[in-house]
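Below you'll find the structure, written out as structure tokens, and then a few comments.
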Amino acid sequence: MIRRRELLVGAGALSFASLRTAPARAAAPEVVVGVLYAMSGSSAQVGVDARHALETALDIINTDHDLDLPCARGAGLAGLGGARIRLVFADHQADPQKGRAEAERLITQDKVSALVGCYQSAVSATVSATAERYGVPFVCADSSSPSLHRKGLKYFFRPAAHDEMFSTAMFDFLDSLRKQGRTIDSVALFFEDTIYGVDSSTVQRKLAAERGYKLVADVKYKSNSPSLTAEVQQLKTANADVLMPTSYTTDAILLTKTMSELGYKPKSMIAQAAGFSEKVTYDAVGDKLQGLISRGSFSLDLAARRPMVATVNRMYKARAGRDLNDNSSRQLMALIVLADALDRAGSTDGQKIRAALAATDIPGTRTVMPWTKVAFGPDGQNIFADPVLLQWIGDTFVTIFPESSAAAAAKWPMNG
């Protein structure tokens with residue numbers, strides 16, 4: 001049976017359908033939000049971290065905090081009479097069809113007013129279609145496939161960047177190095193075979209051609225493959241100036257170990273985050289990834305200019321035992337963005353929540369991200385979610401691009 005976990009902060013009880021006014025002495029009513037992540041299987045750690053991130057956001061929303069974040073000051077949602085949010089977690093096991101079934105169960109049985117998820121883009125594709133069918137808003141926290149916001153869905157909203165935005169930042173960085181006199185002629189693509197990897201490679205292939213980089217290897221592999229020996233041999237033979245992997249955690253670790261076993265040291269690597277942003281990867285093979293660059297939505301460097309970021313990170317770390325990263329920061333902000341819309345909607349009606357999300361306008365300074373702001377285009381994509389590039393140095397990530405956000409100059413090449 002697919003497991004789920006419910007988290008209740010505050011007291012009181014309310015069905016989504018009615019949002020009844022509580023008795024005089026009872027606590028404010030609740031708004032139920034469904035959360036879909038893999039809580040078991042090879043992606044379970046991502047699900048665990050997502051739970052901690054969303055619980056941190058829930059604490060910020062449901063209790064009073066002196067933070068300049070939407071819904072932080074005061075307890076609960078003022079627009080709904082102080083109502084608290086209750087999260088219902090569902091385990092999609094990284095399976096798109098399980099995601100579809102769990103989304104439908106959350107909507108029809110748990111009566112959720114909105115959905116948040118799902119990390120794997122393939123799962124977000126089925127969940128967003130289900131949410132659309134029922135007229136329930138879906139806030140896509142961390143899935144980055146560009147195709148997700150191009151399906152004509154009215155109830156889909158993504159506060160964070162997608163892979164076209166991330167990949168453009170990667171090639172902007174390479175172009176800037178060229179202008180500094182660096183010789184960078186060739187790139188190699190290595191990507192998994194689900195919608196995440198395929199969409200990423202499509203964008204990077206196009207950008208490489210447009211920017212004048214020779215594509216010397218274009219390697220697609222089966223996700224969760226037991227061996228990557230043949231694929232790594234192709235990469236080693238190509239010996240590109242830049243290797244650009246798009247992989248989830250298990251594959252990222254296997255790729256790194258296989259490269260080491262075969263004696264392949266890429267000159268430099270610029271990764272599409274995911275597995276290359278996860279602590280478990282660096283705990284396992286971080287010594288072999290010194291100098292790797294990953295795209296990102298978040299860096300703790302921002303705390304030097306915005307102390308609130310450090311405060312929120314401490315709150316998250318107290319739960320998770322680790323710092324916020326590219327994934328968990330997006331998950332945390334997704335719930336805060338949704339809460340802001342719920343507060344302004346003053347309702348749990350799907351159409352009213354959707355209208356409030358569409359009207360979102362949150363300054364970047366009121367987030368924990370380096371974004372200009374949160375404001376959605378007609379396709380539900382935040383067009384102001386400015387990416388950053390991070391480099392793994394020692395035992396931490398350091399922001400190295402763009403210059404306006406950089407905390408240090410890039411080490412280039414990675415294995416010079």
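Naming works like this for the structure tokens: A, B, ... for the chains as they're shown, residue 1 at the start of each chain, ligands 1 onward in shown order.
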Requested in this report: List every residue of range 74-202 of chain A that DSSP, applied to the backbone, labels as alpha helix (DSSP H), and write the result as a PyMOL selection string.
Outcome: chain A and resi 96-108+121-134+163-179+195-202
If you take only C-alpha atoms and a cut-off of 12 Å, which residues of range 43-121 of chain A touch range 143-160 of chain A, and what are their nearest atom pairs and distances in Å to one decimal, in chain and number order, as a tab-separated table?
```
residue	atom	partner	partner_atom	distance
A:Ser113	CA	A:Tyr155	CA	11.8
A:Ala114	CA	A:Tyr155	CA	9.5
A:Leu115	CA	A:Phe156	CA	9.9
A:Val116	CA	A:Phe157	CA	9.8
A:Gly117	CA	A:Ser143	CA	7.8
A:Cys118	CA	A:Ser143	CA	6.5
A:Tyr119	CA	A:Ser143	CA	4.8
A:Gln120	CA	A:Ser143	CA	5.8
A:Ser121	CA	A:Ser143	CA	4.8
```
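Nearest to Gly263 in chain A of all the residues A:Leu174, A:Gln109, A:Gly135, A:Lys288 is A:Lys288, counting only C-alpha atoms.
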Query raised in the report: For Ser124 in chain A, which residue out of A:His92, A:Arg105, A:Lys257, A:Lys265 is the nearest one, using only C-alpha atoms?
Result: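 Using only C-alpha atoms, Ser124 in chain A sits closest to A:His92.
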Query raised in the report: Expressed in Å to a single decimal, how great is the separation between CA of Leu54 in chain A and CA of Leu332 in chain A?
Result: 5.2 Å
**Report entry** Å distance separating CA of Asn382 in chain A from CA of Pro402 in chain A, one decimal place
**Finding:**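 Computed distance, CA of Asn382 in chain A to CA of Pro402 in chain A, equals 19.1 Å.
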Query - Point-to-point distance from CA of Asp379 in chain A to CA of Ala53 in chain A, Å rounded to tenths - result: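 So the answer is 25.9 Å.
The shortest atom-to-atom distance to Pro378 in chain A, with only C-alpha atoms taken into account, belongs to A:Thr360 out of A:Thr360, A:Thr229, A:Trp392, A:Ser186.
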Query - A:Ser404, A:Thr249, A:Thr256, A:Thr108 ranked by distance to Gln272 in chain A, top pick (using only C-alpha atoms) - result: A:Thr249
Using 9 Å as the limit and counting only C-alpha atoms, can you tabulate each residue of range 302-353 of chain A that touches range 59-69 of chain A, with its shortest atom-to-atom distance in Å and the two atoms involved, as CSV?
```
residue,atom,partner,partner_atom,distance
A:Met308,CA,A:Leu67,CA,6.6
A:Thr311,CA,A:Leu67,CA,8.6
A:Val312,CA,A:Leu67,CA,8.6
A:Leu335,CA,A:Ile61,CA,9.0
A:Ile336,CA,A:Ile61,CA,7.3
A:Ala339,CA,A:Ile61,CA,7.3
```
Requested in this report: Please identify all polymer residues within 8 Å of Ala131 in chain A, counting only C-alpha atoms, omitting same-chain residues fewer than 5 positions from it, and present them as a list of chain:residue names.
Outcome: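 Selected residues are A:Ala103, A:Glu104, A:Leu115, A:Val136, A:Pro137, A:Phe138, A:Tyr155.
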May I have the residues from that selection written out with C-alpha atoms, as a compact mmCIF listing (two decimals), in the first residue's frame?
```txt
# COMPACT_ATOMS: atom_id res chain seq x y z
CA ALA A 103 -3.17 13.02 -6.77
CA GLU A 104 -6.70 11.81 -7.53
CA LEU A 115 -1.28 20.19 -4.57
CA VAL A 136 -7.31 22.11 -8.32
CA PRO A 137 -4.19 24.36 -8.39
CA PHE A 138 -0.86 22.54 -8.63
CA TYR A 155 -4.03 25.40 -12.83
```
Taking only C-alpha atoms into account, produce a table as a tab-separated table in which each residue of range 219-300 of chain A with an atom at most 12 Å from an atom of range 193-196 of chain A appears once, together with its shortest atom pair and the distance in Å to one decimal, ordered by chain and rising number.
```
residue	atom	partner	partner_atom	distance
A:Val219	CA	A:Asp193	CA	9.9
A:Lys220	CA	A:Asp193	CA	6.2
A:Tyr221	CA	A:Asp193	CA	5.9
A:Lys222	CA	A:Asp193	CA	5.4
A:Ser223	CA	A:Asp193	CA	6.0
A:Asn224	CA	A:Asp193	CA	9.8
A:Ser225	CA	A:Asp193	CA	10.4
A:Pro245	CA	A:Tyr196	CA	11.6
A:Thr246	CA	A:Tyr196	CA	7.9
A:Ser247	CA	A:Tyr196	CA	8.6
A:Tyr248	CA	A:Tyr196	CA	9.4
A:Asp251	CA	A:Asp193	CA	11.5
A:Gln272	CA	A:Tyr196	CA	9.8
A:Ala273	CA	A:Tyr196	CA	11.3
A:Ala274	CA	A:Tyr196	CA	9.8
```
Query raised in the report: Neighbours of Val285 in chain A within 12 Å (only C-alpha atoms; same-chain residues fewer than 3 positions away dropped), as a ChimeraX atom specification?
Result: /A:249-250,252-260,275-276,278-282,288-290,292,392,395
Requested in this report: From a DSSP calculation on the backbone, collect every residue of range 193-406 of chain A in strand (DSSP E) and output the set as a VMD selection string.
Outcome: chain A and resid 214 to 221 242 to 246 270 to 271 293 to 296 362 to 363 373 to 374 388 to 393 396 to 401
Writer output for current selection, C-alpha atoms, as a PDB file, in the first residue's frame:
```pdb
ATOM      1  CA  LYS A 214      30.907  21.465 -30.894  1.00  0.00           C
ATOM      2  CA  LEU A 215      28.804  18.579 -29.556  1.00  0.00           C
ATOM      3  CA  VAL A 216      31.300  15.707 -29.350  1.00  0.00           C
ATOM      4  CA  ALA A 217      29.148  13.269 -27.342  1.00  0.00           C
ATOM      5  CA  ASP A 218      25.366  12.986 -26.982  1.00  0.00           C
ATOM      6  CA  VAL A 219      24.750  10.104 -24.579  1.00  0.00           C
ATOM      7  CA  LYS A 220      21.303   9.056 -23.369  1.00  0.00           C
ATOM      8  CA  TYR A 221      21.169   6.326 -20.725  1.00  0.00           C
ATOM      9  CA  VAL A 242      32.776  20.490 -20.691  1.00  0.00           C
ATOM     10  CA  LEU A 243      30.683  17.506 -19.592  1.00  0.00           C
ATOM     11  CA  MET A 244      27.029  18.437 -18.944  1.00  0.00           C
ATOM     12  CA  PRO A 245      25.221  15.677 -16.994  1.00  0.00           C
ATOM     13  CA  THR A 246      21.493  15.561 -16.261  1.00  0.00           C
ATOM     14  CA  ILE A 270      28.439  21.744 -15.382  1.00  0.00           C
ATOM     15  CA  ALA A 271      25.510  19.724 -14.027  1.00  0.00           C
ATOM     16  CA  ILE A 293      29.632  23.402 -11.203  1.00  0.00           C
ATOM     17  CA  SER A 294      25.885  22.983 -10.802  1.00  0.00           C
ATOM     18  CA  ARG A 295      23.075  25.285 -11.762  1.00  0.00           C
ATOM     19  CA  GLY A 296      20.898  26.351  -8.895  1.00  0.00           C
ATOM     20  CA  ILE A 362       6.182  38.945  -4.512  1.00  0.00           C
ATOM     21  CA  PRO A 363       9.452  40.944  -4.530  1.00  0.00           C
ATOM     22  CA  LYS A 373      10.399  38.464  -7.916  1.00  0.00           C
ATOM     23  CA  VAL A 374       7.623  35.880  -8.178  1.00  0.00           C
ATOM     24  CA  VAL A 388      22.780  31.003 -10.301  1.00  0.00           C
ATOM     25  CA  LEU A 389      25.743  28.696 -10.854  1.00  0.00           C
ATOM     26  CA  LEU A 390      27.426  27.076  -7.852  1.00  0.00           C
ATOM     27  CA  GLN A 391      30.825  25.384  -7.619  1.00  0.00           C
ATOM     28  CA  TRP A 392      31.689  22.569  -5.205  1.00  0.00           C
ATOM     29  CA  ILE A 393      34.820  23.713  -3.356  1.00  0.00           C
ATOM     30  CA  THR A 396      30.436  23.414   0.218  1.00  0.00           C
ATOM     31  CA  PHE A 397      28.896  25.130  -2.783  1.00  0.00           C
ATOM     32  CA  VAL A 398      30.032  28.659  -3.628  1.00  0.00           C
ATOM     33  CA  THR A 399      28.166  30.977  -6.002  1.00  0.00           C
ATOM     34  CA  ILE A 400      30.357  31.806  -9.014  1.00  0.00           C
ATOM     35  CA  PHE A 401      27.871  33.217 -11.571  1.00  0.00           C
TER      36      PHE A 401
END
```
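For the set A:Arg178, A:Lys236, A:Arg100, A:Arg305, the residue with the smallest atom-to-atom gap to Arg211 in chain A is A:Arg178, counting only C-alpha atoms.
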Report task. Give me the residues within 9 Å of Gln204 in chain A as a VMD selection string, counting only C-alpha atoms and dropping any in the same chain fewer than 3 places off. Result -> chain A and resid 163 to 164 167 to 168 171 189 199 to 201 207 to 209 244
Query raised in the report: If we count only C-alpha atoms, what is near Gly346 in chain A at a cut-off of 10 Å, once residues fewer than 4 positions away on the same chain are taken out, given as a list of chain:residue names?
Result: A:Leu77, A:Ala78, A:Gly79, A:Leu80, A:Gly81, A:Ala83, A:Ala341, A:Leu342, A:Lys352, A:Ile353, A:Ala356
